[in-house]
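Shown next: model18.cif, given as mmCIF, C-alpha atoms.
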data_model
loop_
_atom_site.group_PDB
_atom_site.id
_atom_site.type_symbol
_atom_site.label_atom_id
_atom_site.label_comp_id
_atom_site.auth_asym_id
_atom_site.auth_seq_id
_atom_site.Cartn_x
_atom_site.Cartn_y
_atom_site.Cartn_z
ATOM 1 C CA MET A 1 0.249 6.661 0.326
ATOM 2 C CA GLU A 2 -1.447 7.738 3.545
ATOM 3 C CA ILE A 3 -4.924 6.971 4.880
ATOM 4 C CA GLY A 4 -5.900 10.644 4.633
ATOM 5 C CA GLN A 5 -5.200 10.550 0.885
ATOM 6 C CA ILE A 6 -7.645 7.744 0.139
ATOM 7 C CA LEU A 7 -10.335 8.093 2.793
ATOM 8 C CA ASN A 8 -12.782 10.958 2.630
ATOM 9 C CA GLU A 9 -16.112 11.732 4.248
ATOM 10 C CA ASP A 10 -18.038 10.454 1.199
ATOM 11 C CA LEU A 11 -16.668 6.981 1.938
ATOM 12 C CA ILE A 12 -17.835 6.932 5.556
ATOM 13 C CA ASP A 13 -21.287 5.850 6.729
ATOM 14 C CA LEU A 14 -21.738 5.964 10.498
ATOM 15 C CA ASP A 15 -25.293 4.651 10.270
ATOM 16 C CA LEU A 16 -25.174 1.496 8.166
ATOM 17 C CA GLN A 17 -28.501 -0.302 7.940
ATOM 18 C CA ALA A 18 -26.772 -3.674 7.591
ATOM 19 C CA VAL A 19 -27.739 -6.454 9.947
ATOM 20 C CA THR A 20 -25.453 -9.033 8.314
ATOM 21 C CA LYS A 21 -21.858 -9.169 7.153
ATOM 22 C CA ALA A 22 -23.005 -9.469 3.532
ATOM 23 C CA GLU A 23 -25.209 -6.383 3.820
ATOM 24 C CA ALA A 24 -22.356 -4.372 5.358
ATOM 25 C CA ILE A 25 -19.975 -5.328 2.554
ATOM 26 C CA GLN A 26 -22.696 -4.487 0.001
ATOM 27 C CA GLU A 27 -23.426 -1.047 1.524
ATOM 28 C CA LEU A 28 -19.756 -0.092 1.694
ATOM 29 C CA THR A 29 -19.162 -1.344 -1.848
ATOM 30 C CA GLU A 30 -22.010 0.907 -2.999
ATOM 31 C CA LEU A 31 -20.172 3.902 -1.504
ATOM 32 C CA LEU A 32 -17.024 2.917 -3.399
ATOM 33 C CA SER A 33 -19.013 2.466 -6.612
ATOM 34 C CA GLN A 34 -20.751 5.831 -6.275
ATOM 35 C CA LYS A 35 -17.340 7.527 -6.072
ATOM 36 C CA GLY A 36 -16.131 5.626 -9.153
ATOM 37 C CA ASN A 37 -13.446 3.793 -7.168
ATOM 38 C CA VAL A 38 -14.987 0.412 -8.024
ATOM 39 C CA THR A 39 -16.373 -0.146 -11.524
ATOM 40 C CA ASN A 40 -18.206 -3.440 -10.945
ATOM 41 C CA ALA A 41 -19.674 -3.949 -7.483
ATOM 42 C CA ASN A 42 -20.513 -7.632 -7.974
ATOM 43 C CA VAL A 43 -17.016 -8.579 -9.110
ATOM 44 C CA PHE A 44 -15.461 -6.582 -6.271
ATOM 45 C CA ILE A 45 -17.688 -8.280 -3.690
ATOM 46 C CA GLU A 46 -16.677 -11.685 -5.117
ATOM 47 C CA ASP A 47 -13.023 -10.660 -4.654
ATOM 48 C CA VAL A 48 -13.711 -9.575 -1.067
ATOM 49 C CA TYR A 49 -15.218 -12.985 -0.332
ATOM 50 C CA LYS A 50 -12.242 -14.741 -1.932
ATOM 51 C CA ARG A 51 -10.064 -12.950 0.620
ATOM 52 C CA GLU A 52 -12.515 -13.704 3.438
ATOM 53 C CA ALA A 53 -12.166 -17.402 2.615
ATOM 54 C CA GLU A 54 -8.422 -17.164 3.320
ATOM 55 C CA GLY A 55 -8.864 -16.138 6.945
ATOM 56 C CA GLN A 56 -10.826 -14.048 9.377
ATOM 57 C CA THR A 57 -10.838 -10.283 9.055
ATOM 58 C CA GLY A 58 -12.538 -9.576 12.373
ATOM 59 C CA LEU A 59 -9.851 -8.104 14.597
ATOM 60 C CA GLY A 60 -11.832 -8.157 17.812
ATOM 61 C CA GLY A 61 -12.979 -5.157 19.772
ATOM 62 C CA GLY A 62 -15.931 -4.743 17.397
ATOM 63 C CA ILE A 63 -13.750 -4.046 14.321
ATOM 64 C CA ALA A 64 -13.416 -5.889 11.001
ATOM 65 C CA ILE A 65 -11.122 -5.048 8.081
ATOM 66 C CA PRO A 66 -12.310 -6.952 5.024
ATOM 67 C CA HIS A 67 -10.476 -6.231 1.808
ATOM 68 C CA GLY A 68 -10.610 -6.970 -1.853
ATOM 69 C CA LYS A 69 -7.771 -6.815 -4.340
ATOM 70 C CA SER A 70 -9.339 -6.539 -7.744
ATOM 71 C CA ASP A 71 -9.023 -5.409 -11.347
ATOM 72 C CA VAL A 72 -12.344 -3.548 -10.943
ATOM 73 C CA VAL A 73 -10.807 -1.205 -8.352
ATOM 74 C CA LYS A 74 -9.842 1.970 -10.209
ATOM 75 C CA ALA A 75 -8.533 3.855 -7.174
ATOM 76 C CA THR A 76 -7.185 2.187 -4.059
ATOM 77 C CA SER A 77 -9.450 3.391 -1.281
ATOM 78 C CA ILE A 78 -11.055 2.633 2.050
ATOM 79 C CA ALA A 79 -14.726 2.794 3.010
ATOM 80 C CA VAL A 80 -15.701 2.861 6.676
ATOM 81 C CA GLY A 81 -19.055 1.930 8.100
ATOM 82 C CA ARG A 82 -20.572 1.549 11.525
ATOM 83 C CA THR A 83 -23.759 -0.223 12.468
ATOM 84 C CA LYS A 84 -25.673 -0.213 15.725
ATOM 85 C CA TYR A 85 -26.396 -3.886 15.134
ATOM 86 C CA GLY A 86 -23.719 -6.304 16.245
ATOM 87 C CA LEU A 87 -22.820 -8.199 13.081
ATOM 88 C CA GLU A 88 -21.862 -11.832 13.193
ATOM 89 C CA TRP A 89 -18.329 -11.961 11.797
ATOM 90 C CA GLU A 90 -15.428 -14.353 12.142
ATOM 91 C CA SER A 91 -13.256 -12.454 14.611
ATOM 92 C CA LEU A 92 -10.417 -13.071 17.023
ATOM 93 C CA ASP A 93 -12.610 -12.519 20.085
ATOM 94 C CA ASP A 94 -15.788 -14.136 18.666
ATOM 95 C CA LYS A 95 -17.715 -10.947 19.472
ATOM 96 C CA PRO A 96 -19.994 -8.966 17.156
ATOM 97 C CA VAL A 97 -18.603 -6.333 14.793
ATOM 98 C CA HIS A 98 -19.814 -2.729 14.732
ATOM 99 C CA VAL A 99 -17.141 -0.959 12.652
ATOM 100 C CA ILE A 100 -16.160 -2.218 9.214
ATOM 101 C CA ILE A 101 -13.123 -0.823 7.410
ATOM 102 C CA LEU A 102 -13.338 -2.093 3.827
ATOM 103 C CA PHE A 103 -10.153 -1.862 1.773
ATOM 104 C CA ALA A 104 -10.526 -1.687 -2.007
ATOM 105 C CA VAL A 105 -7.106 -2.283 -3.520
ATOM 106 C CA ARG A 106 -6.020 -2.077 -7.154
ATOM 107 C CA ASN A 107 -4.101 -5.186 -8.151
ATOM 108 C CA ILE A 108 -1.098 -3.008 -8.953
ATOM 109 C CA ASP A 109 -1.102 -1.796 -5.317
ATOM 110 C CA LYS A 110 -1.649 -5.195 -3.731
ATOM 111 C CA THR A 111 1.788 -5.505 -2.194
ATOM 112 C CA THR A 112 3.502 -2.384 -0.910
ATOM 113 C CA VAL A 113 0.637 0.128 -0.860
ATOM 114 C CA HIS A 114 -1.831 -2.368 0.586
ATOM 115 C CA LEU A 115 0.553 -3.451 3.332
ATOM 116 C CA LYS A 116 1.419 0.143 4.208
ATOM 117 C CA LEU A 117 -2.264 1.076 4.538
ATOM 118 C CA LEU A 118 -3.017 -2.026 6.611
ATOM 119 C CA SER A 119 -0.091 -1.162 8.856
ATOM 120 C CA GLN A 120 -1.356 2.396 9.380
ATOM 121 C CA VAL A 121 -4.817 1.148 10.305
ATOM 122 C CA ALA A 122 -3.372 -1.541 12.598
ATOM 123 C CA VAL A 123 -1.319 1.057 14.482
ATOM 124 C CA ALA A 124 -4.413 3.246 14.919
ATOM 125 C CA LEU A 125 -6.561 0.336 16.060
ATOM 126 C CA ALA A 126 -3.956 -0.857 18.558
ATOM 127 C CA ASP A 127 -4.910 2.137 20.720
ATOM 128 C CA ASP A 128 -7.868 1.429 23.026
ATOM 129 C CA GLU A 129 -8.878 5.095 23.077
ATOM 130 C CA THR A 130 -9.014 5.188 19.281
ATOM 131 C CA LEU A 131 -11.158 2.047 19.244
ATOM 132 C CA ALA A 132 -13.549 3.511 21.804
ATOM 133 C CA LYS A 133 -13.915 6.742 19.816
ATOM 134 C CA LEU A 134 -14.556 4.886 16.542
ATOM 135 C CA LEU A 135 -17.472 3.100 18.172
ATOM 136 C CA VAL A 136 -19.232 6.324 19.231
ATOM 137 C CA THR A 137 -18.165 9.324 17.142
ATOM 138 C CA ASN A 138 -20.652 10.914 14.776
ATOM 139 C CA ASP A 139 -17.970 13.093 13.181
ATOM 140 C CA LYS A 140 -16.659 11.724 9.878
ATOM 141 C CA ALA A 141 -13.629 14.026 10.015
ATOM 142 C CA GLU A 142 -12.752 12.500 13.374
ATOM 143 C CA VAL A 143 -12.909 9.006 11.861
ATOM 144 C CA ILE A 144 -10.327 10.088 9.292
ATOM 145 C CA ARG A 145 -8.141 11.640 11.999
ATOM 146 C CA LEU A 146 -8.379 8.546 14.175
ATOM 147 C CA LEU A 147 -7.443 6.158 11.371
ATOM 148 C CA SER A 148 -4.668 8.486 10.196
ATOM 149 C CA ASN A 149 -3.138 8.574 13.685
ATOM 150 C CA ARG A 150 -3.427 12.360 13.740
ATOM 151 C CA ILE A 151 -3.895 14.013 17.079
ATOM 152 C CA GLN A 152 -6.217 16.987 17.303
#
Could you quickly redo this structure as structure tokens?
Amino acid sequence: MEIGQILNEDLIDLDLQAVTKAEAIQELTELLSQKGNVTNANVFIEDVYKREAEGQTGLGGGIAIPHGKSDVVKATSIAVGRTKYGLEWESLDDKPVHVIILFAVRNIDKTTVHLKLLSQVAVALADDETLAKLLVTNDKAEVIRLLSNRIQ
């Protein structure tokens, strides 16, 4: 499974209104629910917070990758959001987060598929140019290209 197969423009919001971590997770979960990828937003959010309790998901550089593995996820998917507000988030560099990449993973996909998707995103985010573009682009198609490691 590739990023481009599970991320589409309907799951990207480059103008989140969130001013807190909880609000960002809520807004992105709503996108997943609207697409039918998550059948119970409250249960999914609880599962995201269970994972958050295991360790920080803020990577540094203004990026966080929270994720929930849950029975209420009907289609493994990713929602991406960006906020102009720097969100307080437990991160490696202790700096605010602006881009949130929320993984919604079916329990059946929680090992191989999940790890493959995380690896793809990690490779993309390891590039400083990609990070810089994610923080400023207003083109949802470019977000998908950047996270898919596709050059245009």
I'd like to see the residues matched by the PyMOL selection byres ((chain A and resi 12) around 8) on this file, and ideally I'd get them as a count of residues only. 10
If you count all atoms listed in the file, the residue of A:Thr83, A:Thr130, A:Ser77, A:Asn138 closest to Val19 of chain A turns out to be A:Thr83
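Here the question is which of A:Asp109, A:Asp47, A:Ala124, A:Ala132 gets nearest to Arg145 of chain A using all atoms listed in the file, and that residue is A:Ala124.
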Residues within 8 Å of Ile78 of chain A, please, as a PDB file with C-alpha atoms, in the frame of the given file. Count only C-alpha atoms; anything in the same chain fewer than 4 positions from it doesn't count.
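Saved result, around.pdb, follows:
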ATOM      1  CA  ILE A   6      -7.645   7.744   0.139  1.00  0.00           C
ATOM      2  CA  LEU A   7     -10.335   8.093   2.793  1.00  0.00           C
ATOM      3  CA  LEU A  11     -16.668   6.981   1.938  1.00  0.00           C
ATOM      4  CA  ILE A 101     -13.123  -0.823   7.410  1.00  0.00           C
ATOM      5  CA  LEU A 102     -13.338  -2.093   3.827  1.00  0.00           C
ATOM      6  CA  PHE A 103     -10.153  -1.862   1.773  1.00  0.00           C
ATOM      7  CA  ALA A 104     -10.526  -1.687  -2.007  1.00  0.00           C
TER       8      ALA A 104
END
Report as a PyMOL selection string the residues that result from applying the PyMOL selection byres ((chain A and resi 41) around 10) to the structure here. chain A and resi 26+28-34+37-40+42-47+72-73
Might you spell out which residues the PyMOL selection byres ((chain A and resi 69) around 6) would select in the displayed file, as a list of chain:residue names? A:Gly68, A:Ser70, A:Val105, A:Arg106, A:Asn107
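Among the candidate residues A:Val123, A:Leu118, A:Val48, A:Ala24, the one lying nearest to Val97 of chain A is A:Ala24, with distances computed using only C-alpha atoms.
Take atom CA of Ser91 of chain A and atom CA of Ile108 of chain A: the distance between them is 28.1 Å.
Each of A:Thr76, A:Gln56, A:Asn149, A:Thr20 was compared to Glu129 of chain A using all atoms listed in the file, and A:Asn149 turns out to be the nearest.
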Please return, as a PDB file with C-alpha atoms, in the frame of the given file, all polymer residues that have at least one atom within 8 Å of the point (-26.8, -6.7, 16.9); use only C-alpha atoms and the file's own coordinate frame.
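Generated output (result-v9.pdb):
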ATOM      1  CA  VAL A  19     -27.739  -6.454   9.947  1.00  0.00           C
ATOM      2  CA  LYS A  84     -25.673  -0.213  15.725  1.00  0.00           C
ATOM      3  CA  TYR A  85     -26.396  -3.886  15.134  1.00  0.00           C
ATOM      4  CA  GLY A  86     -23.719  -6.304  16.245  1.00  0.00           C
ATOM      5  CA  LEU A  87     -22.820  -8.199  13.081  1.00  0.00           C
ATOM      6  CA  PRO A  96     -19.994  -8.966  17.156  1.00  0.00           C
TER       7      PRO A  96
END
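Across the model, the gap from atom CA of Asp93 of chain A to atom CA of Gly4 of chain A is 28.6 Å.
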With 4 Å of padding per side, what axis-aligned box (centre and edge lengths, Å, one decimal) covers all the listed atoms of segment 33-41 of chain A? Give it as AutoDock Vina command-line options.
--center_x -17.1 --center_y 1.8 --center_z -8.8 --size_x 15.3 --size_y 19.5 --size_z 13.5
Give me, as a VMD selection string, all polymer residues having an atom no more than 10 Å from Gly58 of chain A, counting only C-alpha atoms and skipping those fewer than 2 positions away in the same chain. chain A and resid 52 55 to 56 60 to 66 88 to 97 99 to 100
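Take atom CA of Leu131 of chain A and atom CA of Leu16 of chain A: the distance between them is 17.9 Å.
Of the residues listed (A:Lys116, A:Lys133, A:Arg82, A:Lys35), A:Arg82 shows the shortest atom-to-atom separation from Glu23 of chain A; distances use all atoms listed in the file.
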Restricting to all atoms listed in the file, whichever of A:Gln120, A:Asp71, A:Leu134, A:Lys21 is closest to Ser148 of chain A is A:Gln120
Any chance you could turn segment 60-143 of chain A into a file with C-alpha atoms, as a PDB file, in the first residue's frame?
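Produced file part04.pdb, reproduced below:
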ATOM      1  CA  GLY A  60      10.227  18.138  15.417  1.00  0.00           C
ATOM      2  CA  GLY A  61      10.401  20.633  12.605  1.00  0.00           C
ATOM      3  CA  GLY A  62       6.744  21.535  13.190  1.00  0.00           C
ATOM      4  CA  ILE A  63       5.424  18.046  12.303  1.00  0.00           C
ATOM      5  CA  ALA A  64       3.447  15.508  14.346  1.00  0.00           C
ATOM      6  CA  ILE A  65       2.280  12.045  13.276  1.00  0.00           C
ATOM      7  CA  PRO A  66      -0.354  10.846  15.727  1.00  0.00           C
ATOM      8  CA  HIS A  67      -1.988   7.545  14.918  1.00  0.00           C
ATOM      9  CA  GLY A  68      -4.761   5.310  16.050  1.00  0.00           C
ATOM     10  CA  LYS A  69      -5.114   1.595  15.459  1.00  0.00           C
ATOM     11  CA  SER A  70      -8.749   0.772  15.942  1.00  0.00           C
ATOM     12  CA  ASP A  71     -11.655  -1.529  15.157  1.00  0.00           C
ATOM     13  CA  VAL A  72     -13.685   1.556  14.146  1.00  0.00           C
ATOM     14  CA  VAL A  73     -11.319   2.256  11.234  1.00  0.00           C
ATOM     15  CA  LYS A  74     -12.963   0.791   8.134  1.00  0.00           C
ATOM     16  CA  ALA A  75     -10.272   1.881   5.673  1.00  0.00           C
ATOM     17  CA  THR A  76      -6.665   2.513   6.616  1.00  0.00           C
ATOM     18  CA  SER A  77      -6.073   6.140   5.725  1.00  0.00           C
ATOM     19  CA  ILE A  78      -4.208   9.328   6.500  1.00  0.00           C
ATOM     20  CA  ALA A  79      -5.604  12.798   7.154  1.00  0.00           C
ATOM     21  CA  VAL A  80      -3.307  15.812   6.944  1.00  0.00           C
ATOM     22  CA  GLY A  81      -3.902  19.173   8.522  1.00  0.00           C
ATOM     23  CA  ARG A  82      -2.001  22.401   8.902  1.00  0.00           C
ATOM     24  CA  THR A  83      -2.680  25.225  11.300  1.00  0.00           C
ATOM     25  CA  LYS A  84      -1.230  28.712  11.421  1.00  0.00           C
ATOM     26  CA  TYR A  85      -1.249  28.422  15.200  1.00  0.00           C
ATOM     27  CA  GLY A  86       1.728  26.693  16.746  1.00  0.00           C
ATOM     28  CA  LEU A  87       0.209  23.803  18.682  1.00  0.00           C
ATOM     29  CA  GLU A  88       1.698  22.639  21.931  1.00  0.00           C
ATOM     30  CA  TRP A  89       2.666  19.014  21.327  1.00  0.00           C
ATOM     31  CA  GLU A  90       5.166  16.643  22.874  1.00  0.00           C
ATOM     32  CA  SER A  91       7.905  16.716  20.246  1.00  0.00           C
ATOM     33  CA  LEU A  92      11.573  15.896  19.881  1.00  0.00           C
ATOM     34  CA  ASP A  93      12.583  19.553  19.570  1.00  0.00           C
ATOM     35  CA  ASP A  94      10.021  20.946  22.066  1.00  0.00           C
ATOM     36  CA  LYS A  95       8.798  23.367  19.387  1.00  0.00           C
ATOM     37  CA  PRO A  96       5.208  23.991  18.290  1.00  0.00           C
ATOM     38  CA  VAL A  97       3.538  21.812  15.659  1.00  0.00           C
ATOM     39  CA  HIS A  98       1.951  23.201  12.495  1.00  0.00           C
ATOM     40  CA  VAL A  99       1.443  20.081  10.348  1.00  0.00           C
ATOM     41  CA  ILE A 100      -0.393  17.044  11.680  1.00  0.00           C
ATOM     42  CA  ILE A 101      -0.386  13.758   9.775  1.00  0.00           C
ATOM     43  CA  LEU A 102      -3.021  11.563  11.430  1.00  0.00           C
ATOM     44  CA  PHE A 103      -2.853   7.855  10.634  1.00  0.00           C
ATOM     45  CA  ALA A 104      -6.071   5.855  10.958  1.00  0.00           C
ATOM     46  CA  VAL A 105      -5.151   2.184  10.844  1.00  0.00           C
ATOM     47  CA  ARG A 106      -7.423  -0.858  10.760  1.00  0.00           C
ATOM     48  CA  ASN A 107      -6.372  -3.380  13.384  1.00  0.00           C
ATOM     49  CA  ILE A 108      -5.783  -5.921  10.625  1.00  0.00           C
ATOM     50  CA  ASP A 109      -3.219  -3.530   9.076  1.00  0.00           C
ATOM     51  CA  LYS A 110      -1.495  -2.587  12.317  1.00  0.00           C
ATOM     52  CA  THR A 111       1.759  -4.368  11.600  1.00  0.00           C
ATOM     53  CA  THR A 112       3.020  -4.501   8.033  1.00  0.00           C
ATOM     54  CA  VAL A 113       0.824  -1.901   6.320  1.00  0.00           C
ATOM     55  CA  HIS A 114       1.122   0.573   9.182  1.00  0.00           C
ATOM     56  CA  LEU A 115       4.899   0.252   9.344  1.00  0.00           C
ATOM     57  CA  LYS A 116       5.242   0.593   5.576  1.00  0.00           C
ATOM     58  CA  LEU A 117       3.163   3.790   5.556  1.00  0.00           C
ATOM     59  CA  LEU A 118       5.082   5.231   8.511  1.00  0.00           C
ATOM     60  CA  SER A 119       8.322   4.440   6.715  1.00  0.00           C
ATOM     61  CA  GLN A 120       7.172   6.221   3.548  1.00  0.00           C
ATOM     62  CA  VAL A 121       6.199   9.319   5.510  1.00  0.00           C
ATOM     63  CA  ALA A 122       9.456   9.237   7.499  1.00  0.00           C
ATOM     64  CA  VAL A 123      11.505   9.136   4.289  1.00  0.00           C
ATOM     65  CA  ALA A 124       9.556  12.108   2.902  1.00  0.00           C
ATOM     66  CA  LEU A 125       9.896  14.092   6.116  1.00  0.00           C
ATOM     67  CA  ALA A 126      13.632  13.430   6.354  1.00  0.00           C
ATOM     68  CA  ASP A 127      14.076  15.897   3.479  1.00  0.00           C
ATOM     69  CA  ASP A 128      14.348  19.520   4.651  1.00  0.00           C
ATOM     70  CA  GLU A 129      12.949  20.828   1.366  1.00  0.00           C
ATOM     71  CA  THR A 130       9.873  18.623   1.712  1.00  0.00           C
ATOM     72  CA  LEU A 131       9.347  19.852   5.272  1.00  0.00           C
ATOM     73  CA  ALA A 132       9.635  23.478   4.185  1.00  0.00           C
ATOM     74  CA  LYS A 133       7.110  22.979   1.374  1.00  0.00           C
ATOM     75  CA  LEU A 134       4.610  21.227   3.667  1.00  0.00           C
ATOM     76  CA  LEU A 135       4.629  24.259   5.938  1.00  0.00           C
ATOM     77  CA  VAL A 136       3.691  26.709   3.158  1.00  0.00           C
ATOM     78  CA  THR A 137       1.966  25.000   0.225  1.00  0.00           C
ATOM     79  CA  ASN A 138      -1.692  25.704  -0.439  1.00  0.00           C
ATOM     80  CA  ASP A 139      -1.910  22.928  -3.034  1.00  0.00           C
ATOM     81  CA  LYS A 140      -3.424  19.702  -1.692  1.00  0.00           C
ATOM     82  CA  ALA A 141      -2.114  17.731  -4.674  1.00  0.00           C
ATOM     83  CA  GLU A 142       1.381  18.899  -3.778  1.00  0.00           C
ATOM     84  CA  VAL A 143       0.924  17.628  -0.214  1.00  0.00           C
TER      85      VAL A 143
END
